[in-house]
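Student: Got a structure for you, written out below as structure tokens; questions coming shortly.
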Amino acid sequence: MTVADLACRGRDGEAAVKSGPKELKRHGFLLRKRRRRPDGTLGAAA
């Protein structure tokens, strides 16, 4: 699902959809970690 798809499905625009996770992260409700594979490269964001 993309930002544009979420914006089309809701009442808020793309800017609001993009700012939501940033606000959650700023207040400590969202934590993003990158997992490393055994060879040291980065995997998918979780």
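Identifiers in the structure tokens: chain A, B, ... in order shown; residue index from 1 per chain; ligand index from 1 in order shown.
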So that I can see what lies close to Arg32 of chain A, please list as a list in words the residues with an atom at most 12 Å from it, counting only C-alpha atoms and leaving out residues fewer than 2 positions away in the same chain.
Tutor: Pro21, Lys22, Leu24, Lys25, Arg26, Gly28, Phe29, Leu30, Arg34, Arg35, Ala44, Ala45 and Ala46 of chain A
Student: Could you write out, as a list in words, all the residues of chain A that DSSP marks as helix (DSSP H, G or I)?
Tutor: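 Residues meeting the helix (DSSP H, G or I) criterion: Val3, Ala4, Asp5, Leu6, Ala7, Cys8, Arg9, Glu14, Ala15, Ala16, Val17, Lys18, Ser19, Gly20, Pro21, Lys22, Glu23, Leu24, Lys25 and Arg26 of chain A.
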Student: Give the strand (DSSP E or B) residues of chain A, as DSSP finds them on the backbone, and put them as JSON, numbers by chain.
Tutor: {"A": [34, 35, 36, 42, 43, 44, 45]}
Student: Could you work out how far atom CA of Ala15 of chain A lies from atom CA of Val3 of chain A, giving the answer in Å with one decimal?
Tutor: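 For atom CA of Val3 of chain A relative to atom CA of Ala15 of chain A, the distance reads 9.1 Å.
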Student: Could you tell me how far atom CA of Gly20 of chain A lies from atom CA of Arg36 of chain A, in Å and to one decimal?
Tutor: 26.4 Å
